[in-house]
Amino acid sequence: MRTTRSTTRKRHATRLLAGLAALLGVALLGVLCPAAAQAEESRVLATGLHIRDGRLLEGNGNDFVMRGVNHAHTWYPGETQSLADVKALGANTVRVVLSDGHRWTENSAADVANVVAQCKANRLICVLEVHDTTGYGEEAAAGTLDHAADYWIGLKDVLAGEENYIIVNIGNEPWGNTNPAGWTDPTIAAVKKLRNAGFEHTIMVDAPNWGQDWQGVMRANARSVYDADTTGNLIFSIHMYSVYDTAQEITDYLNAFVDAGLPLLIGEFGGPADQWGDPDEDTMMAAAQQLKLGYLAWSWSGNTDPILDLATDFDPSRLSSWGQRIFNGANGIAQTSKEATI
């Protein structure tokens, strides 16, 4: 983060016969090849977006690669037209900033339901994230992952049944640079809390070190965090800013997860140089495309430091150079994004 921040009898008979044939097919497959039958049943019964073999899949088994942007909804709740605008530019996903009320004004259940409905109407996969956790342990105003988990549980009636369309990103950059090793246990506890509450959604977890994991805590502990989720529907998010200013750093990090068979995306990244350095966005985007990993650029508009605004004043006709790079450049959204089949 850089801010201060959706005849009749004959038809029925045909559907019935087709359904019976499918059931018989699975049954016969189970007799001939039990392992294959189990895999087929898992595919058929998957609840919406899910993880298999280190990949994010839709409920129908289609591989889904996120290509999109972050949108600062909680600070600009009136800018919901932005969802249609980023879709028109080719995005297939939007990551939506929300607040659980700890640091900023809490987004209500009705507001979140409206965001989800608009994402669906605009054929966007919606990643919902709580931003109040940003920099916990170093940022005195930050909230805990446990508090964020309680917020999600309070929204369960809104979120249940939307597993095809949304991903729950428990908390944004939920640990600063102070003792980042403390990230692991609260992350596991928050995931388990949501699962125990009955959440079947794919859950996303952000790295410590303000999301950049420059000390490698998430990278070293990703397997234990992943294994703690009994559903296996967990994806890791790395945020790439000035720490990632060389191709080697970027490719080493991304390949570490791919080689381990662990799901990963670049949940935030920047390109313009700032006082902290000059991120290598070209390598980020090229590597993500080569490895078929998702990326979500920061951010649509409204940053305190406008160098990271993709669009000026939320106007899609006024893309910044950063916006042109993300949407229309090499390995950009227009060139690589594919809409979810749902």
# chains A, B, ... in the order shown; residues from 1 in each chain; ligands from 1
>>> residues_around(residues="Asn331 (chain A)", least_positions_apart="3", cutoff="8 Å", atoms="only C-alpha atoms", output="PyMOL selection string")
chain A and resi 285-286+289+335-336
>>> residues_around(residues="region 219-233 of chain A", least_positions_apart="4", cutoff="8 Å", atoms="only C-alpha atoms", output="ChimeraX atom specification")
/A:50-52,184,187-188,191-192,195,200-203,213,253,256-257,262
>>> write_last_selection(atoms="C-alpha atoms", output="PDB file, in the first residue's frame")
ATOM      1  CA  HIS A  50     -10.355 -23.112  -5.107  1.00  0.00           C
ATOM      2  CA  ILE A  51      -6.761 -24.280  -5.106  1.00  0.00           C
ATOM      3  CA  ARG A  52      -5.442 -27.482  -6.640  1.00  0.00           C
ATOM      4  CA  THR A 184       3.149 -16.853  11.273  1.00  0.00           C
ATOM      5  CA  THR A 187      -1.934 -15.893  10.338  1.00  0.00           C
ATOM      6  CA  ILE A 188      -2.559 -19.584  11.009  1.00  0.00           C
ATOM      7  CA  VAL A 191      -7.255 -18.882   8.844  1.00  0.00           C
ATOM      8  CA  LYS A 192      -8.425 -21.542  11.290  1.00  0.00           C
ATOM      9  CA  ARG A 195     -12.607 -22.240   8.619  1.00  0.00           C
ATOM     10  CA  GLU A 200     -15.382 -22.289   2.268  1.00  0.00           C
ATOM     11  CA  HIS A 201     -13.948 -19.440   0.206  1.00  0.00           C
ATOM     12  CA  THR A 202     -10.430 -19.274  -1.091  1.00  0.00           C
ATOM     13  CA  ILE A 203      -8.553 -17.268   1.535  1.00  0.00           C
ATOM     14  CA  ASP A 213       8.601 -10.234   2.910  1.00  0.00           C
ATOM     15  CA  TYR A 253      10.874 -15.157  -4.969  1.00  0.00           C
ATOM     16  CA  ALA A 256      10.389 -20.427  -4.841  1.00  0.00           C
ATOM     17  CA  PHE A 257       6.620 -20.753  -4.470  1.00  0.00           C
ATOM     18  CA  LEU A 262       2.378 -23.317  -3.357  1.00  0.00           C
TER      19      LEU A 262
END
>>> closest_residue(among="A:Asn209, A:Ala91, A:Val243, A:Ala260", to="Leu296 (chain A)", atoms="only C-alpha atoms")
A:Ala91
>>> closest_atom_pairs(of="region 249-317 of chain A", to="region 325-328 of chain A", cutoff="9 Å", atoms="only C-alpha atoms", output="Markdown table")
| residue | atom | partner | partner_atom | distance |
| --- | --- | --- | --- | --- |
| A:Gly271 | CA | A:Arg325 | CA | 8.9 |
| A:Met285 | CA | A:Ile326 | CA | 8.7 |
| A:Ala297 | CA | A:Ile326 | CA | 7.3 |
| A:Leu310 | CA | A:Ile326 | CA | 7.9 |
>>> closest_residue(among="A:Gly135, A:Gly48, A:Gly101, A:Gly54", to="Thr178 (chain A)", atoms="only C-alpha atoms")
A:Gly135
>>> closest_atom_pairs(of="region 47-146 of chain A", to="region 314-324 of chain A", cutoff="12 Å", atoms="only C-alpha atoms", output="Markdown table")
| residue | atom | partner | partner_atom | distance |
| --- | --- | --- | --- | --- |
| A:Gly68 | CA | A:Gly323 | CA | 11.4 |
| A:Val69 | CA | A:Gly323 | CA | 10.0 |
| A:His71 | CA | A:Phe314 | CA | 10.0 |
| A:Ala72 | CA | A:Phe314 | CA | 10.7 |
| A:His73 | CA | A:Phe314 | CA | 11.6 |
| A:Tyr76 | CA | A:Phe314 | CA | 10.0 |
| A:Gly78 | CA | A:Phe314 | CA | 10.9 |
| A:Glu79 | CA | A:Phe314 | CA | 7.6 |
| A:Thr80 | CA | A:Phe314 | CA | 10.0 |
| A:Gln81 | CA | A:Phe314 | CA | 8.8 |
| A:Ser82 | CA | A:Phe314 | CA | 6.9 |
| A:Leu83 | CA | A:Phe314 | CA | 10.6 |
| A:Ala84 | CA | A:Pro316 | CA | 9.9 |
| A:Asp85 | CA | A:Pro316 | CA | 6.2 |
| A:Val86 | CA | A:Pro316 | CA | 7.7 |
| A:Lys87 | CA | A:Pro316 | CA | 10.5 |
| A:Ala88 | CA | A:Pro316 | CA | 9.0 |
| A:Leu89 | CA | A:Pro316 | CA | 8.2 |
| A:Gly90 | CA | A:Pro316 | CA | 11.8 |
>>> closest_residue(among="A:Leu124, A:Val258, A:Ala288, A:Ala311", to="Thr93 (chain A)", atoms="only C-alpha atoms")
A:Leu124
>>> closest_residue(among="A:Ile266, A:Ala142, A:Ala117, A:Ile125", to="Lys338 (chain A)", atoms="only C-alpha atoms")
A:Ile125
>>> residues_around(residues="Asp146 (chain A)", least_positions_apart="6", cutoff="8 Å", atoms="only C-alpha atoms", output="list in words")
Pro186, Ala189 and Ala190 of chain A
